[in-house]
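Enquirer: Enclosed is the structure file query_38.pdb (PDB, C-alpha atoms).
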MODEL        1
ATOM      1  CA  MET D 377     -18.102 -16.098 -21.909
ATOM      2  CA  SER D 378     -16.757 -16.332 -25.422
ATOM      3  CA  ARG D 379     -13.200 -16.413 -24.088
ATOM      4  CA  MET D 380     -11.849 -17.153 -20.626
ATOM      5  CA  GLY D 381      -9.887 -14.363 -19.049
ATOM      6  CA  ASP D 382     -11.699 -11.446 -20.745
ATOM      7  CA  VAL D 383     -11.182  -8.340 -18.613
ATOM      8  CA  LEU D 384     -13.304  -5.229 -18.157
ATOM      9  CA  ALA D 385     -11.666  -2.403 -16.204
ATOM     10  CA  GLY D 386     -13.721   0.294 -14.546
ATOM     11  CA  PHE D 387     -13.352   2.828 -11.768
ATOM     12  CA  HIS D 388     -12.110   1.165  -8.554
ATOM     13  CA  ALA D 389     -12.301  -2.414  -9.866
ATOM     14  CA  THR D 390     -11.512  -4.819 -12.689
ATOM     15  CA  TRP D 391     -13.772  -7.728 -13.600
ATOM     16  CA  GLU D 392     -12.309 -10.847 -15.174
ATOM     17  CA  PHE D 393     -14.901 -13.052 -16.830
ATOM     18  CA  GLU D 394     -14.318 -16.791 -16.681
ATOM     19  CA  SER D 395     -16.336 -19.803 -17.757
ATOM     20  CA  ASP D 396     -17.933 -20.361 -14.351
ATOM     21  CA  SER D 397     -17.372 -17.148 -12.402
ATOM     22  CA  VAL D 398     -16.498 -13.460 -12.345
ATOM     23  CA  LEU D 399     -13.275 -12.547 -10.537
ATOM     24  CA  ILE D 400     -13.507  -9.023  -9.125
ATOM     25  CA  ARG D 401     -10.240  -7.304  -8.234
ATOM     26  CA  TYR D 402     -10.602  -4.048  -6.341
ATOM     27  CA  GLU D 403      -8.073  -1.249  -6.694
ATOM     28  CA  ARG D 404      -6.103   0.250  -3.849
ATOM     29  CA  GLY D 405      -6.081   4.009  -3.908
ATOM     30  CA  ILE D 406      -7.192   7.101  -2.071
ATOM     31  CA  ARG D 407     -10.392   7.355  -4.147
ATOM     32  CA  THR D 408     -11.334   3.694  -3.837
ATOM     33  CA  PRO D 409     -13.949   2.976  -1.138
ATOM     34  CA  LYS D 410     -12.257   1.498   1.919
ATOM     35  CA  LEU D 411     -14.593  -1.494   1.873
ATOM     36  CA  PHE D 412     -13.347  -2.431  -1.610
ATOM     37  CA  GLN D 413      -9.736  -2.135  -0.467
ATOM     38  CA  ALA D 414     -10.473  -4.333   2.531
ATOM     39  CA  LEU D 415     -12.071  -6.997   0.329
ATOM     40  CA  GLY D 416      -9.130  -7.109  -2.085
ATOM     41  CA  GLU D 417     -10.682  -9.511  -4.557
ATOM     42  CA  ARG D 418     -13.714 -11.772  -4.718
ATOM     43  CA  ARG D 419     -14.666 -14.646  -6.970
ATOM     44  CA  VAL D 420     -18.393 -14.717  -7.699
ATOM     45  CA  PRO D 421     -19.615 -18.044  -9.156
ATOM     46  CA  LEU D 422     -22.217 -17.683 -11.888
ATOM     47  CA  GLU D 423     -24.604 -19.773  -9.799
ATOM     48  CA  ALA D 424     -24.484 -16.994  -7.168
ATOM     49  CA  ILE D 425     -25.872 -14.438  -9.648
ATOM     50  CA  SER D 426     -29.594 -13.892 -10.172
ATOM     51  CA  GLY D 427     -29.424 -11.064 -12.697
ATOM     52  CA  VAL D 428     -27.376  -8.423 -14.505
ATOM     53  CA  THR D 429     -28.290  -4.807 -15.227
ATOM     54  CA  LEU D 430     -26.679  -1.968 -17.160
ATOM     55  CA  SER D 431     -27.831   1.569 -16.433
ATOM     56  CA  PRO D 432     -26.671   5.200 -16.802
ATOM     57  CA  GLY D 433     -24.481   6.426 -13.979
ATOM     58  CA  ARG D 434     -23.475   9.870 -12.823
ATOM     59  CA  ARG D 435     -21.292  12.313 -14.726
ATOM     60  CA  GLY D 436     -20.871  10.466 -17.984
ATOM     61  CA  THR D 437     -20.666   6.917 -16.679
ATOM     62  CA  VAL D 438     -22.537   3.646 -17.001
ATOM     63  CA  VAL D 439     -22.957   1.044 -14.274
ATOM     64  CA  LEU D 440     -22.750  -2.704 -14.798
ATOM     65  CA  HIS D 441     -24.426  -4.336 -11.828
ATOM     66  CA  VAL D 442     -24.472  -8.002 -10.928
ATOM     67  CA  VAL D 443     -27.353  -8.921  -8.627
ATOM     68  CA  PRO D 444     -26.443 -11.722  -6.196
ATOM     69  CA  ARG D 445     -28.969 -14.363  -5.223
ATOM     70  CA  PRO D 446     -30.402 -13.957  -1.730
ATOM     71  CA  GLY D 447     -28.368 -16.013   0.696
ATOM     72  CA  ALA D 448     -25.431 -16.462  -1.695
ATOM     73  CA  ASP D 449     -23.034 -13.947  -0.126
ATOM     74  CA  PRO D 450     -22.517 -13.617   3.648
ATOM     75  CA  LEU D 451     -21.245 -10.055   3.203
ATOM     76  CA  MET D 452     -24.476  -8.899   1.577
ATOM     77  CA  GLU D 453     -26.556 -10.930   4.014
ATOM     78  CA  ALA D 454     -24.883  -9.190   6.940
ATOM     79  CA  ALA D 455     -25.247  -5.778   5.259
ATOM     80  CA  ALA D 456     -29.009  -6.376   4.876
ATOM     81  CA  GLY D 457     -29.440  -3.567   2.354
ATOM     82  CA  GLN D 458     -27.606  -0.939   4.410
ATOM     83  CA  LEU D 459     -24.658  -0.330   2.077
ATOM     84  CA  LYS D 460     -24.547   2.961   0.222
ATOM     85  CA  GLU D 461     -24.682   2.680  -3.557
ATOM     86  CA  GLY D 462     -21.040   3.658  -3.969
ATOM     87  CA  CYS D 463     -19.944   0.855  -1.645
ATOM     88  CA  ASP D 464     -21.866  -1.921  -3.382
ATOM     89  CA  PRO D 465     -19.141  -4.457  -4.310
ATOM     90  CA  TYR D 466     -21.284  -5.749  -7.192
ATOM     91  CA  ARG D 467     -21.307  -2.454  -9.128
ATOM     92  CA  LEU D 468     -18.721  -1.689 -11.826
ATOM     93  CA  VAL D 469     -18.692   1.975 -12.876
ATOM     94  CA  LEU D 470     -17.338   2.624 -16.377
ATOM     95  CA  PRO D 471     -16.852   5.643 -18.662
ATOM     96  CA  ALA D 472     -19.907   6.131 -20.893
ATOM     97  CA  GLU D 473     -17.830   5.437 -24.022
ATOM     98  CA  ARG D 474     -17.501   1.821 -22.863
ATOM     99  CA  GLU D 475     -21.255   1.270 -22.788
ATOM    100  CA  THR D 476     -21.259  -0.927 -25.905
ATOM    101  CA  LEU D 477     -18.553  -3.158 -24.458
ATOM    102  CA  ALA D 478     -20.326  -3.312 -21.089
ATOM    103  CA  GLU D 479     -23.584  -4.229 -22.834
ATOM    104  CA  TYR D 480     -21.807  -7.076 -24.610
ATOM    105  CA  TYR D 481     -20.568  -8.544 -21.330
ATOM    106  CA  ALA D 482     -23.948  -8.031 -19.671
ATOM    107  CA  ASP D 483     -25.615 -10.022 -22.473
ATOM    108  CA  GLU D 484     -22.958 -12.739 -22.265
ATOM    109  CA  LEU D 485     -23.495 -13.067 -18.513
ATOM    110  CA  ARG D 486     -27.279 -13.197 -18.819
ATOM    111  CA  ALA D 487     -27.003 -15.976 -21.402
ATOM    112  CA  MET D 488     -24.972 -18.097 -18.990
ATOM    113  CA  LEU D 489     -27.138 -17.663 -15.909
ATOM    114  CA  LYS D 490     -29.120 -20.741 -15.012
ATOM    115  CA  GLY D 491     -30.495 -19.781 -11.630
ATOM    116  CA  ASP D 492     -34.064 -18.617 -11.137
ATOM    117  CA  GLY D 493     -33.258 -16.080  -8.448
ATOM    118  CA  GLU D 494     -34.369 -18.345  -5.618
ATOM    119  CA  PRO D 495     -32.495 -18.023  -2.301
ATOM    120  CA  ALA D 496     -29.298 -20.052  -2.192
ATOM    121  CA  GLU D 497     -29.204 -22.989   0.221
ATOM    122  CA  ARG D 498     -25.601 -22.222   1.137
ATOM    123  CA  TYR D 499     -23.096 -19.427   0.756
ATOM    124  CA  LEU D 500     -21.609 -19.484  -2.731
ATOM    125  CA  VAL D 501     -19.274 -16.502  -2.357
ATOM    126  CA  GLU D 502     -16.450 -16.918   0.123
ATOM    127  CA  ALA D 503     -16.660 -14.905   3.323
ATOM    128  CA  PRO D 504     -13.842 -12.627   4.495
ATOM    129  CA  VAL D 505     -11.346 -14.878   6.261
ATOM    130  CA  ALA D 506     -10.503 -14.800   9.968
ATOM    131  CA  PRO D 507      -8.771 -13.658  12.088
ATOM    132  CA  ARG D 508     -10.490 -10.285  12.137
ATOM    133  CA  GLN D 509     -10.744  -7.460  14.642
ATOM    134  CA  PHE D 510     -11.915  -3.864  14.992
ATOM    135  CA  LYS D 511     -12.418  -1.220  17.663
ATOM    136  CA  ALA D 512     -15.977  -0.322  18.589
ATOM    137  CA  TYR D 513     -16.821   2.619  20.845
ATOM    138  CA  ASP D 514     -17.110   0.434  23.925
ATOM    139  CA  ALA D 515     -14.921  -2.597  23.144
ATOM    140  CA  LYS D 516     -12.313  -4.262  21.021
ATOM    141  CA  ALA D 517     -13.913  -7.093  19.031
ATOM    142  CA  SER D 518     -11.856 -10.012  17.722
ATOM    143  CA  PHE D 519     -12.671 -13.240  15.915
ATOM    144  CA  ASP D 520     -10.218 -16.103  15.370
ATOM    145  CA  GLY D 521     -12.548 -18.250  13.302
ATOM    146  CA  LYS D 522     -13.962 -20.159  16.273
ATOM    147  CA  THR D 523     -14.678 -17.627  19.018
ATOM    148  CA  VAL D 524     -15.771 -13.977  19.128
ATOM    149  CA  ASN D 525     -14.269 -11.953  21.964
ATOM    150  CA  PHE D 526     -15.311  -8.548  23.337
ATOM    151  CA  ARG D 527     -12.862  -6.668  25.560
ATOM    152  CA  TRP D 528     -14.540  -3.648  27.125
ATOM    153  CA  PHE D 529     -13.070  -0.123  27.154
ATOM    154  CA  TRP D 530     -13.599   1.647  30.459
ATOM    155  CA  THR D 531     -14.114   4.931  28.570
ATOM    156  CA  GLY D 532     -17.102   3.663  26.585
ATOM    157  CA  ALA D 533     -18.638   0.522  28.073
ATOM    158  CA  SER D 534     -21.807   0.804  30.152
ATOM    159  CA  SER D 535     -21.874  -0.278  33.780
ATOM    160  CA  ALA D 536     -23.944  -3.311  32.749
ATOM    161  CA  LYS D 537     -21.188  -4.486  30.430
ATOM    162  CA  TRP D 538     -18.476  -3.842  33.005
ATOM    163  CA  LYS D 539     -20.449  -5.834  35.533
ATOM    164  CA  ALA D 540     -20.805  -8.738  33.074
ATOM    165  CA  GLY D 541     -17.069  -8.683  32.318
ATOM    166  CA  ASP D 542     -15.246  -9.356  29.056
ATOM    167  CA  GLN D 543     -17.139 -11.764  26.852
ATOM    168  CA  SER D 544     -16.271 -14.806  24.724
ATOM    169  CA  PHE D 545     -18.766 -16.419  22.352
ATOM    170  CA  PRO D 546     -17.924 -19.751  20.679
ATOM    171  CA  VAL D 547     -19.425 -19.939  17.201
ATOM    172  CA  ALA D 548     -21.199 -23.161  18.183
ATOM    173  CA  GLU D 549     -23.253 -21.169  20.725
ATOM    174  CA  LEU D 550     -24.446 -18.504  18.275
ATOM    175  CA  SER D 551     -27.549 -18.508  16.089
ATOM    176  CA  GLY D 552     -26.897 -15.361  14.091
ATOM    177  CA  VAL D 553     -25.513 -11.845  13.763
ATOM    178  CA  GLN D 554     -27.109  -8.415  13.618
ATOM    179  CA  TRP D 555     -25.172  -5.546  12.014
ATOM    180  CA  ARG D 556     -26.437  -1.978  11.959
ATOM    181  CA  SER D 557     -24.227   0.326   9.915
ATOM    182  CA  PRO D 558     -22.006   2.779  11.835
ATOM    183  CA  GLU D 559     -23.116   5.373   9.284
ATOM    184  CA  VAL D 560     -26.580   5.530  10.859
ATOM    185  CA  PHE D 561     -27.716   6.453  14.353
ATOM    186  CA  GLU D 562     -27.069   3.769  16.967
ATOM    187  CA  GLY D 563     -24.932   1.532  14.752
ATOM    188  CA  HIS D 564     -23.833  -1.715  16.397
ATOM    189  CA  LEU D 565     -22.827  -5.346  16.033
ATOM    190  CA  ARG D 566     -24.930  -7.784  18.005
ATOM    191  CA  LEU D 567     -24.325 -11.509  18.419
ATOM    192  CA  LEU D 568     -27.353 -13.723  18.932
ATOM    193  CA  PRO D 569     -26.662 -16.593  21.360
ATOM    194  CA  ARG D 570     -28.739 -19.701  20.623
ATOM    195  CA  GLU D 571     -30.196 -19.940  24.120
ATOM    196  CA  ALA D 572     -30.966 -16.243  24.585
ATOM    197  CA  GLY D 573     -34.212 -16.257  22.603
ATOM    198  CA  GLU D 574     -35.861 -13.390  20.739
ATOM    199  CA  GLN D 575     -35.880 -11.118  23.778
ATOM    200  CA  ALA D 576     -32.099 -10.729  23.528
ATOM    201  CA  ALA D 577     -32.481  -9.007  20.155
ATOM    202  CA  ARG D 578     -34.650  -6.330  21.783
ATOM    203  CA  THR D 579     -32.328  -5.451  24.652
ATOM    204  CA  GLN D 580     -30.682  -2.042  24.373
ATOM    205  CA  VAL D 581     -27.329  -2.579  22.677
ATOM    206  CA  ASP D 582     -25.464  -0.440  25.183
ATOM    207  CA  GLN D 583     -26.716  -2.766  27.932
ATOM    208  CA  ASP D 584     -26.285  -6.066  26.068
ATOM    209  CA  PRO D 585     -22.965  -7.886  26.730
ATOM    210  CA  ALA D 586     -23.427  -9.665  23.383
ATOM    211  CA  SER D 587     -23.281  -6.337  21.527
ATOM    212  CA  VAL D 588     -20.725  -3.655  20.760
ATOM    213  CA  VAL D 589     -21.705  -0.077  19.962
ATOM    214  CA  PHE D 590     -20.284   1.962  17.086
ATOM    215  CA  GLY D 591     -19.535   5.665  17.143
ATOM    216  CA  LEU D 592     -17.726   8.364  15.176
ATOM    217  CA  GLY D 593     -14.550   6.646  13.998
ATOM    218  CA  TYR D 594     -15.401   3.385  15.786
ATOM    219  CA  GLY D 595     -16.529   0.256  13.950
ATOM    220  CA  PRO D 596     -16.157   1.615  10.386
ATOM    221  CA  VAL D 597     -17.965  -0.281   7.626
ATOM    222  CA  HIS D 598     -14.796  -1.659   6.019
ATOM    223  CA  GLU D 599     -13.800  -3.284   9.324
ATOM    224  CA  SER D 600     -17.045  -4.203  11.062
ATOM    225  CA  LEU D 601     -19.002  -5.513   8.047
ATOM    226  CA  PRO D 602     -16.364  -8.075   6.911
ATOM    227  CA  PHE D 603     -16.113  -9.056  10.589
ATOM    228  CA  ALA D 604     -19.872  -9.644  10.762
ATOM    229  CA  ALA D 605     -19.799 -11.593   7.488
ATOM    230  CA  ALA D 606     -16.963 -13.824   8.679
ATOM    231  CA  VAL D 607     -18.835 -14.640  11.909
ATOM    232  CA  LEU D 608     -22.080 -15.217  10.019
ATOM    233  CA  ALA D 609     -20.411 -17.662   7.624
ATOM    234  CA  ALA D 610     -18.836 -19.552  10.523
ATOM    235  CA  VAL D 611     -22.203 -19.756  12.277
ATOM    236  CA  ARG D 612     -23.861 -21.129   9.159
ATOM    237  CA  GLU D 613     -21.186 -23.808   8.836
ATOM    238  CA  ARG D 614     -22.238 -24.962  12.307
ATOM    239  CA  GLY D 615     -25.949 -24.868  11.577
ATOM    240  CA  ALA D 616     -28.760 -22.554  10.565
ATOM    241  CA  ALA D 617     -27.741 -18.917  10.843
ATOM    242  CA  ALA D 618     -30.011 -15.903  11.202
ATOM    243  CA  VAL D 619     -29.513 -12.280  10.251
ATOM    244  CA  VAL D 620     -31.969 -10.295  12.327
ATOM    245  CA  PRO D 621     -33.076  -6.853  11.109
ATOM    246  CA  ALA D 622     -31.612  -4.219  13.392
ATOM    247  CA  ALA D 623     -34.824  -2.934  14.925
ATOM    248  CA  ALA D 624     -34.591  -0.422  17.721
ATOM    249  CA  PRO D 625     -36.209  -1.596  20.977
ATOM    250  CA  ARG D 626     -38.776   0.387  22.907
ATOM    251  CA  ARG D 627     -37.027   2.658  25.368
ATOM    252  CA  ASP D 628     -37.705   4.415  28.587
ATOM    253  CA  PRO D 629     -38.939   8.019  27.990
ATOM    254  CA  ALA D 630     -36.130   9.366  30.182
ATOM    255  CA  ASP D 631     -33.577   7.561  28.032
ATOM    256  CA  ILE D 632     -35.162   9.004  24.881
ATOM    257  CA  ALA D 633     -35.004  12.512  26.352
ATOM    258  CA  GLU D 634     -31.325  12.076  27.218
ATOM    259  CA  ARG D 635     -30.479  10.879  23.721
ATOM    260  CA  ILE D 636     -32.342  13.780  22.122
ATOM    261  CA  ARG D 637     -30.432  16.171  24.377
ATOM    262  CA  HIS D 638     -27.135  14.605  23.273
ATOM    263  CA  LEU D 639     -28.248  14.783  19.639
ATOM    264  CA  GLY D 640     -29.016  18.472  20.123
ATOM    265  CA  GLU D 641     -25.489  19.056  21.431
ATOM    266  CA  LEU D 642     -24.041  17.395  18.344
ATOM    267  CA  HIS D 643     -26.295  19.575  16.197
ATOM    268  CA  GLN D 644     -25.193  22.765  17.920
ATOM    269  CA  ALA D 645     -21.553  21.716  17.531
ATOM    270  CA  GLY D 646     -22.042  21.331  13.795
ATOM    271  CA  LEU D 647     -21.441  17.574  13.820
ATOM    272  CA  VAL D 648     -25.005  16.806  12.709
ATOM    273  CA  THR D 649     -26.844  18.643   9.910
ATOM    274  CA  ASP D 650     -30.331  20.124  10.261
ATOM    275  CA  GLU D 651     -31.763  17.287   8.168
ATOM    276  CA  GLU D 652     -29.924  14.592  10.152
ATOM    277  CA  PHE D 653     -31.057  16.163  13.420
ATOM    278  CA  SER D 654     -34.717  16.209  12.352
ATOM    279  CA  THR D 655     -34.605  12.667  10.980
ATOM    280  CA  LYS D 656     -32.872  11.116  13.979
ATOM    281  CA  LYS D 657     -35.009  13.001  16.465
ATOM    282  CA  ALA D 658     -38.093  11.610  14.717
ATOM    283  CA  GLU D 659     -36.601   8.105  14.906
ATOM    284  CA  LEU D 660     -36.078   8.456  18.645
ATOM    285  CA  LEU D 661     -39.574   9.804  19.258
ATOM    286  CA  ALA D 662     -40.993   6.890  17.254
ATOM    287  CA  GLU D 663     -39.492   4.487  19.817
ATOM    288  CA  LEU D 664     -41.760   5.823  22.575
TER     289      LEU D 664
ENDMDL
END
Render the structure in this file as structure tokens.
Expert:
Amino acid sequence: MSRMGDVLAGFHATWEFESDSVLIRYERGIRTPKLFQALGERRVPLEAISGVTLSPGRRGTVVLHVVPRPGADPLMEAAAGQLKEGCDPYRLVLPAERETLAEYYADELRAMLKGDGEPAERYLVEAPVAPRQFKAYDAKASFDGKTVNFRWFWTGASSAKWKAGDQSFPVAELSGVQWRSPEVFEGHLRLLPREAGEQAARTQVDQDPASVVFGLGYGPVHESLPFAAAVLAAVRERGAAAVVPAAAPRRDPADIAERIRHLGELHQAGLVTDEEFSTKKAELLAEL
């Protein structure tokens, strides 16, 4: 940057450009995405950035977008491409009249980037700090920095989880984390114990004691994603961490039929749109 401390203010966030990093401060307000409010502020080292783009936005705006290197940010690693565009913490939306100024900063950033876009060997952006907790549909999840705990709710937990009892997972015994957004069907947070093997990642989440299930109002993105990122960062500090794509396992036809019936009830109640009903029904049928 030509000067340290240069500031560019946009909607929902302010970026302060420094000699070796970009400090992003997110606003607190009713219109600001809850994930941004939960993050507060983040310092992004220049070595964590692989590219910078500037493009037209909606309704007379432009968007300055910093592209993080793969593996540089535990939050984005945990999200695995599931964040909606408006919740991307690396986008700064500005009024169109500031396009010239935004282009200047984009050029300045590009000139200072030295990375080649290769995956980072370690996390370069700090993870959300512990302790963290949130309520899932079937459990209360908590993380103190060393151990993840699941405390089952009798109103939501399956009989398999009740039989297994409340669970505690030391970070040293985990190999990775799987997060599926609560904004999609069958959202969940799954921990991957080191000794469980690949089969554990294919067990139904409502039957897996190492998983908690999301639901309407349970496990919101701004609570569960920073939680997943904090656990993932702690796991990596202990050794190689893995973020496993949240693939749905093959299910019993009777289970599929029951879930389609429940989906139909939500559709009739007006809680699911025609498009959502068709899409999610197709997803369920594809699991047969």
Enquirer: Give me the region 443-471 of chain D side of the contact with region 580-603 of chain D, cut-off 10 Å, one line per residue showing its nearest atom pair and distance in Å at one decimal, counting all atoms listed in the file, sorted by chain and residue number, as JSON lines.
Expert:
{"residue": "D:Pro450", "atom": "CA", "partner": "D:Pro602", "partner_atom": "CA", "distance": 8.9}
{"residue": "D:Leu451", "atom": "CA", "partner": "D:Pro602", "partner_atom": "CA", "distance": 6.4}
{"residue": "D:Met452", "atom": "CA", "partner": "D:Leu601", "partner_atom": "CA", "distance": 9.1}
{"residue": "D:Ala454", "atom": "CA", "partner": "D:Leu601", "partner_atom": "CA", "distance": 7.0}
{"residue": "D:Ala455", "atom": "CA", "partner": "D:Leu601", "partner_atom": "CA", "distance": 6.8}
{"residue": "D:Leu459", "atom": "CA", "partner": "D:Val597", "partner_atom": "CA", "distance": 8.7}
{"residue": "D:Cys463", "atom": "CA", "partner": "D:Val597", "partner_atom": "CA", "distance": 9.5}
Enquirer: Using Å and a single decimal, report how far CA of Pro546 (chain D) sits from CA of Pro569 (chain D).
Expert: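 One can read the CA of Pro569 (chain D) to CA of Pro546 (chain D) distance as 9.3 Å.
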Enquirer: Env of Glu423 (chain D): 8 Å cut, atoms = only C-alpha atoms, seq-sep filter 2 positions within chain, self excluded. Answer as a list in words.
Expert: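 Contacts, with the query itself left out: Pro421, Ile425, Ser426, Leu489, Lys490, Gly491 and Leu500 of chain D.
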Enquirer: Apply the PyMOL selection byres ((chain D and resi 435-439) around 10) to the structure shown and report the selected residues as a VMD selection string.
Expert: chain D and resid 386 to 387 429 to 434 440 to 442 466 to 475 478 to 479
Enquirer: May I have the residues from that selection written out with C-alpha atoms, as a tab-separated table (two decimals), keeping the file's coordinate frame?
Expert:
chain	number	residue	atom	x	y	z
D	386	GLY	CA	-13.72	0.29	-14.55
D	387	PHE	CA	-13.35	2.83	-11.77
D	429	THR	CA	-28.29	-4.81	-15.23
D	430	LEU	CA	-26.68	-1.97	-17.16
D	431	SER	CA	-27.83	1.57	-16.43
D	432	PRO	CA	-26.67	5.20	-16.80
D	433	GLY	CA	-24.48	6.43	-13.98
D	434	ARG	CA	-23.48	9.87	-12.82
D	440	LEU	CA	-22.75	-2.70	-14.80
D	441	HIS	CA	-24.43	-4.34	-11.83
D	442	VAL	CA	-24.47	-8.00	-10.93
D	466	TYR	CA	-21.28	-5.75	-7.19
D	467	ARG	CA	-21.31	-2.45	-9.13
D	468	LEU	CA	-18.72	-1.69	-11.83
D	469	VAL	CA	-18.69	1.98	-12.88
D	470	LEU	CA	-17.34	2.62	-16.38
D	471	PRO	CA	-16.85	5.64	-18.66
D	472	ALA	CA	-19.91	6.13	-20.89
D	473	GLU	CA	-17.83	5.44	-24.02
D	474	ARG	CA	-17.50	1.82	-22.86
D	475	GLU	CA	-21.26	1.27	-22.79
D	478	ALA	CA	-20.33	-3.31	-21.09
D	479	GLU	CA	-23.58	-4.23	-22.83
Enquirer: Interatomic distance between CA of Leu384 (chain D) and CA of Tyr481 (chain D)?
Expert: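 Those two atoms sit 8.6 Å apart.
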Enquirer: So which one's closest to His564 (chain D), D:Ala604, D:Leu485, D:Leu550, D:Ile406? Using all atoms listed in the file, please.
Expert: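 Of D:Ala604, D:Leu485, D:Leu550, D:Ile406, the one nearest His564 (chain D), counting all atoms listed in the file, is D:Ala604.
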Enquirer: Using all atoms listed in the file, which of the listed residues (D:Pro409, D:Gly427, D:Pro558, D:Gly552) sits closest to Ala605 (chain D)?
Expert: D:Gly552
Enquirer: Would you please work out which residue, of D:Ala645, D:Ala658, D:Val553, D:Ala424, is nearest to Ala496 (chain D) when using all atoms listed in the file?
Expert: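 The closest residue to Ala496 (chain D) is D:Ala424.
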Enquirer: Separation of CA of Glu497 (chain D) and CA of Tyr402 (chain D), in Å?
Expert: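 Between CA of Glu497 (chain D) and CA of Tyr402 (chain D) the gap works out to 27.3 Å.
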Enquirer: Name the closest residue to Gly447 (chain D) among the candidates D:Trp555, D:Arg401, D:Gly416, D:Leu608; distances are taken between atoms, counting only C-alpha atoms.
Expert: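 With only C-alpha atoms as the atom set, the closest residue is D:Leu608.
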Enquirer: Taking all atoms of region 396-399 of chain D that the file lists, what box with edges along x, y and z, padded by 4 Å per side, do you get, with centre and edge lengths in Å to one decimal, as AutoDock Vina command-line options?
Expert:
--center_x -15.6 --center_y -16.5 --center_z -12.4 --size_x 12.7 --size_y 15.8 --size_z 11.8
Enquirer: Measuring between only C-alpha atoms, which one of D:Ala389, D:Leu399, D:Ala487, D:Val547 shows the shortest distance to Glu613 (chain D)?
Expert: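 For Glu613 (chain D), the nearest of the given residues is D:Val547.
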Enquirer: Of the residues D:Leu567, D:Val607, D:Val505, D:Ala540, which is the one nearest to Ala414 (chain D), using all atoms listed in the file?
Expert: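 So, comparing all the options, the nearest one is D:Val505.
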Enquirer: Assuming the chain letters and numbering stay as they are in my file, what does the PyMOL selection byres ((chain D and resi 544) around 9) actually select? List them as a list in words.
Expert: Thr523, Val524, Asn525, Phe526, Arg527, Asp542, Gln543, Phe545, Pro546 and Ala586 of chain D
